[in-house]
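**Student:** Could you have a look at this structure, given as structure tokens, before my questions?
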Amino acid sequence: MTNNFLFEPDLDAKTIHIVREFNAPIEKVWRAWTEADLIEKWIAPKPWIAQTKIMNFTVGGIWLYAMVSPEGEKHWSRFEFTAIEHVSSFSSTNMFSDEDGNTADGAPKSQTETKFTSIEGNRTKVDVLKTFTDAATIKMFAERGFKEGTIMGYNQLDELLASENN
Amino acid sequence: MDIRRDIYQAIADPTRRAILVLLTLGAMTPNAIAVHFGSSRQAVSKHIQILAECGAVEQDQRGREIFYKLNINKMKEIDHWMEAFRKLWEIRFDQLDNLLNDL
């Protein structure tokens with residue numbers, strides 16, 4: 001079964017367009033993207049974990065959370081919700097922050113628009129458009145992803161292979 | 001003024017990106033590069049200087065002329081970070097598939 005994954009950086013437009021289909025109805029997928037306890041279960045690449053400090057999913061509200069490494073190192077981020085259309089789309093401004101949600105002047109910032117489309121009632125397409133203030137900002141977000149992405153490496157692969165055998 | 005340059009400053013400007021694309025065709029002198037752009041030679045020289053400081057291009061002295069060529073390894077850094085970012089999202093989505101199965 002194809003999930004039609006697309007990851008398309010456009011440095012001229014300073015955007016990254018990410019598309020993916022999921023084998024679940026739109027209401028479930030929406031919950032998994034908008035309820036903190038559910039987001040935490042997939043947003044951090046193992047063995048990193050995500051921990052929420054504040055989640056207020058309303059326009060003007062924030063999600064303040066940390067990516068926590070196995071050594072306990074915490075990277076805080078703050079999402080501010082700028083638009084919400086229930087079970088259809090939401091937009092946020094994403095920034096790195098400290099544990100109180102404070103952001104430094106000129107800190108890297110991106111805008112994210114996430115859209116949900118039902119496919120034949122039992123599948124869902126999610127369409128994410130990230131817009132960065134400049135090319136250097138893309139680098140910062142990518143570096144952060146790199147840092148969190150490298151550590152998982154082999155033990156995640158082991159786990160995956162183990163579960164394939166069951 | 002001491003400004004730390006990296007490969008992302010090289011690609012942050014549309015003229016510099018155009019110069020990099022031009023250099024994929026082969027090494028060129030600053031004059032040969034400048035004829036492709038509407039801006040002054042001075043402006044193009046400034047861009048080439050930044051590209052050199054970022055490590056995106058290298059000088060190649062041929063007789064009395066200086067040619068500029070792409071530093072392919074440096075340019076690969078961009079792909080490298082971007083690939084890691086892509087991988088991160090792939091992993092997230094696989095984890096989300098699992099979560100949705102259990103939900």
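Identifiers in this document derive from the order of the structure tokens: chains are assigned A, B, ..., residues are numbered from 1 separately in each chain, and ligands are numbered from 1 in order of occurrence.
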Mind checking which residues fall within 9 Å of Gln9 (chain B), counting only C-alpha atoms, ignoring those fewer than 5 positions away in the same chain, and posting them as a list in words?
**Tutor:**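 Here the qualifying residues turn out to be Ala135 and Ala136 of chain A; Ile50, Leu51 and Cys54 of chain B.
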**Student:** Among chain B, which ones does DSSP assign to strand (DSSP E) (computed from the backbone)? Answer as number ranges by chain.
**Tutor:** B: 57-62, 65-70
**Student:** Include N, CA and C atoms and write out the residues we just selected as a PDB file, in the first residue's frame.
**Tutor:**
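Output below, filename selection_23.pdb:
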ATOM      1  N   VAL B  57      32.346  28.173  -3.858  1.00  0.00           N
ATOM      2  CA  VAL B  57      33.168  28.162  -5.077  1.00  0.00           C
ATOM      3  C   VAL B  57      34.647  28.245  -4.699  1.00  0.00           C
ATOM      4  N   GLU B  58      35.468  27.789  -5.621  1.00  0.00           N
ATOM      5  CA  GLU B  58      36.915  27.828  -5.405  1.00  0.00           C
ATOM      6  C   GLU B  58      37.581  28.523  -6.584  1.00  0.00           C
ATOM      7  N   GLN B  59      38.723  29.169  -6.292  1.00  0.00           N
ATOM      8  CA  GLN B  59      39.489  29.801  -7.361  1.00  0.00           C
ATOM      9  C   GLN B  59      40.370  28.794  -8.064  1.00  0.00           C
ATOM     10  N   ASP B  60      40.519  29.025  -9.340  1.00  0.00           N
ATOM     11  CA  ASP B  60      41.382  28.171 -10.134  1.00  0.00           C
ATOM     12  C   ASP B  60      42.193  29.097 -11.034  1.00  0.00           C
ATOM     13  N   GLN B  61      43.471  29.310 -10.672  1.00  0.00           N
ATOM     14  CA  GLN B  61      44.316  30.238 -11.437  1.00  0.00           C
ATOM     15  C   GLN B  61      44.786  29.554 -12.720  1.00  0.00           C
ATOM     16  N   ARG B  62      44.424  30.144 -13.846  1.00  0.00           N
ATOM     17  CA  ARG B  62      44.892  29.596 -15.120  1.00  0.00           C
ATOM     18  C   ARG B  62      45.621  30.700 -15.878  1.00  0.00           C
ATOM     19  N   GLU B  65      44.557  34.467 -15.705  1.00  0.00           N
ATOM     20  CA  GLU B  65      43.128  34.594 -15.364  1.00  0.00           C
ATOM     21  C   GLU B  65      42.727  33.712 -14.183  1.00  0.00           C
ATOM     22  N   ILE B  66      41.771  34.245 -13.418  1.00  0.00           N
ATOM     23  CA  ILE B  66      41.212  33.464 -12.315  1.00  0.00           C
ATOM     24  C   ILE B  66      39.849  32.927 -12.745  1.00  0.00           C
ATOM     25  N   PHE B  67      39.715  31.637 -12.674  1.00  0.00           N
ATOM     26  CA  PHE B  67      38.415  31.006 -12.929  1.00  0.00           C
ATOM     27  C   PHE B  67      37.795  30.620 -11.584  1.00  0.00           C
ATOM     28  N   TYR B  68      36.469  30.598 -11.563  1.00  0.00           N
ATOM     29  CA  TYR B  68      35.778  30.099 -10.374  1.00  0.00           C
ATOM     30  C   TYR B  68      35.057  28.813 -10.721  1.00  0.00           C
ATOM     31  N   LYS B  69      35.155  27.850  -9.824  1.00  0.00           N
ATOM     32  CA  LYS B  69      34.441  26.587 -10.047  1.00  0.00           C
ATOM     33  C   LYS B  69      33.661  26.194  -8.794  1.00  0.00           C
ATOM     34  N   LEU B  70      32.665  25.377  -8.987  1.00  0.00           N
ATOM     35  CA  LEU B  70      31.849  24.905  -7.860  1.00  0.00           C
ATOM     36  C   LEU B  70      32.652  24.015  -6.938  1.00  0.00           C
TER      37      LEU B  70
END
**Student:** Could I get the residues of chain A with an atom no further than 9 Å from an atom of chain B, each paired with its nearest atom pair and that distance in Å to one decimal, using only C-alpha atoms, sorted by chain and residue number, as JSON lines?
**Tutor:**
{"residue": "A:Phe5", "atom": "CA", "partner": "B:Glu90", "partner_atom": "CA", "distance": 8.1}
{"residue": "A:Phe7", "atom": "CA", "partner": "B:Arg86", "partner_atom": "CA", "distance": 6.4}
{"residue": "A:Glu8", "atom": "CA", "partner": "B:Arg86", "partner_atom": "CA", "distance": 8.9}
{"residue": "A:Pro9", "atom": "CA", "partner": "B:Met82", "partner_atom": "CA", "distance": 8.0}
{"residue": "A:Leu11", "atom": "CA", "partner": "B:Ile11", "partner_atom": "CA", "distance": 8.0}
{"residue": "A:Asp12", "atom": "CA", "partner": "B:Pro14", "partner_atom": "CA", "distance": 7.3}
{"residue": "A:Ile18", "atom": "CA", "partner": "B:Trp89", "partner_atom": "CA", "distance": 8.5}
{"residue": "A:Arg20", "atom": "CA", "partner": "B:Phe93", "partner_atom": "CA", "distance": 7.8}
{"residue": "A:Phe22", "atom": "CA", "partner": "B:Asp97", "partner_atom": "CA", "distance": 6.6}
{"residue": "A:Asn23", "atom": "CA", "partner": "B:Asp97", "partner_atom": "CA", "distance": 7.4}
{"residue": "A:Ala24", "atom": "CA", "partner": "B:Leu100", "partner_atom": "CA", "distance": 6.5}
{"residue": "A:Lys28", "atom": "CA", "partner": "B:Leu100", "partner_atom": "CA", "distance": 7.1}
{"residue": "A:Val29", "atom": "CA", "partner": "B:Leu100", "partner_atom": "CA", "distance": 7.1}
{"residue": "A:Ala32", "atom": "CA", "partner": "B:Leu100", "partner_atom": "CA", "distance": 7.6}
{"residue": "A:Leu38", "atom": "CA", "partner": "B:Leu99", "partner_atom": "CA", "distance": 8.0}
{"residue": "A:Ile39", "atom": "CA", "partner": "B:Leu96", "partner_atom": "CA", "distance": 8.5}
{"residue": "A:Lys41", "atom": "CA", "partner": "B:Leu99", "partner_atom": "CA", "distance": 7.1}
{"residue": "A:Trp42", "atom": "CA", "partner": "B:Gln95", "partner_atom": "CA", "distance": 5.0}
{"residue": "A:Ile43", "atom": "CA", "partner": "B:Arg92", "partner_atom": "CA", "distance": 5.4}
{"residue": "A:Ala44", "atom": "CA", "partner": "B:Arg92", "partner_atom": "CA", "distance": 6.8}
{"residue": "A:Pro45", "atom": "CA", "partner": "B:Arg92", "partner_atom": "CA", "distance": 6.3}
{"residue": "A:Lys46", "atom": "CA", "partner": "B:Ile91", "partner_atom": "CA", "distance": 8.9}
{"residue": "A:Asp134", "atom": "CA", "partner": "B:Ala12", "partner_atom": "CA", "distance": 6.9}
{"residue": "A:Ala135", "atom": "CA", "partner": "B:Ala12", "partner_atom": "CA", "distance": 5.3}
{"residue": "A:Ala136", "atom": "CA", "partner": "B:Tyr8", "partner_atom": "CA", "distance": 5.4}
{"residue": "A:Thr137", "atom": "CA", "partner": "B:Tyr8", "partner_atom": "CA", "distance": 8.9}
{"residue": "A:Ile138", "atom": "CA", "partner": "B:Met82", "partner_atom": "CA", "distance": 8.6}
{"residue": "A:Lys139", "atom": "CA", "partner": "B:Tyr8", "partner_atom": "CA", "distance": 7.1}
{"residue": "A:Phe141", "atom": "CA", "partner": "B:Phe85", "partner_atom": "CA", "distance": 8.0}
{"residue": "A:Ala142", "atom": "CA", "partner": "B:Phe85", "partner_atom": "CA", "distance": 5.0}
{"residue": "A:Glu143", "atom": "CA", "partner": "B:Trp81", "partner_atom": "CA", "distance": 6.2}
{"residue": "A:Arg144", "atom": "CA", "partner": "B:Phe85", "partner_atom": "CA", "distance": 8.3}
{"residue": "A:Gly145", "atom": "CA", "partner": "B:Phe85", "partner_atom": "CA", "distance": 5.3}
{"residue": "A:Phe146", "atom": "CA", "partner": "B:Ala84", "partner_atom": "CA", "distance": 5.1}
{"residue": "A:Lys147", "atom": "CA", "partner": "B:Ala84", "partner_atom": "CA", "distance": 8.8}
{"residue": "A:Glu148", "atom": "CA", "partner": "B:Leu88", "partner_atom": "CA", "distance": 7.9}
{"residue": "A:Gly149", "atom": "CA", "partner": "B:Leu88", "partner_atom": "CA", "distance": 5.6}
{"residue": "A:Thr150", "atom": "CA", "partner": "B:Ala84", "partner_atom": "CA", "distance": 8.0}
**Student:** Could you pull out the alpha helix (DSSP H) residues of region 17-54 of chain B from DSSP and send them as a PyMOL selection string?
**Tutor:** chain B and resi 17-23+30-34+41-53
**Student:** Emit the selected residues as a PDB file, in the first residue's frame, including C-alpha atoms.
**Tutor:**
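part_21.pdb, written as the output of this step:
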ATOM      1  CA  ARG B  17      21.875  30.775  -6.668  1.00  0.00           C
ATOM      2  CA  ALA B  18      21.870  31.740 -10.353  1.00  0.00           C
ATOM      3  CA  ILE B  19      25.674  31.995 -10.332  1.00  0.00           C
ATOM      4  CA  LEU B  20      25.917  28.528  -8.785  1.00  0.00           C
ATOM      5  CA  VAL B  21      23.603  27.121 -11.456  1.00  0.00           C
ATOM      6  CA  LEU B  22      25.758  28.790 -14.146  1.00  0.00           C
ATOM      7  CA  LEU B  23      28.909  27.243 -12.675  1.00  0.00           C
ATOM      8  CA  PRO B  30      34.235  36.721 -13.150  1.00  0.00           C
ATOM      9  CA  ASN B  31      33.788  38.593 -16.452  1.00  0.00           C
ATOM     10  CA  ALA B  32      32.209  35.590 -18.130  1.00  0.00           C
ATOM     11  CA  ILE B  33      29.838  35.223 -15.171  1.00  0.00           C
ATOM     12  CA  ALA B  34      28.962  38.930 -15.149  1.00  0.00           C
ATOM     13  CA  ARG B  41      30.300  43.674 -12.583  1.00  0.00           C
ATOM     14  CA  GLN B  42      31.046  45.102  -9.191  1.00  0.00           C
ATOM     15  CA  ALA B  43      27.827  43.649  -7.783  1.00  0.00           C
ATOM     16  CA  VAL B  44      28.546  40.272  -9.377  1.00  0.00           C
ATOM     17  CA  SER B  45      32.111  40.361  -7.984  1.00  0.00           C
ATOM     18  CA  LYS B  46      30.695  40.934  -4.532  1.00  0.00           C
ATOM     19  CA  HIS B  47      28.451  37.890  -4.903  1.00  0.00           C
ATOM     20  CA  ILE B  48      31.369  35.775  -6.121  1.00  0.00           C
ATOM     21  CA  GLN B  49      33.399  36.934  -3.136  1.00  0.00           C
ATOM     22  CA  ILE B  50      30.627  35.848  -0.753  1.00  0.00           C
ATOM     23  CA  LEU B  51      30.328  32.511  -2.549  1.00  0.00           C
ATOM     24  CA  ALA B  52      34.080  32.028  -2.101  1.00  0.00           C
ATOM     25  CA  GLU B  53      33.890  32.950   1.591  1.00  0.00           C
TER      26      GLU B  53
END
**Student:** For region 34-37 of chain A, find every residue with an atom within 8 Å (counting only C-alpha atoms), except residues of its own chain fewer than 4 positions away, and show them as a PyMOL selection string.
**Tutor:** chain A and resi 30+41+52+55+57
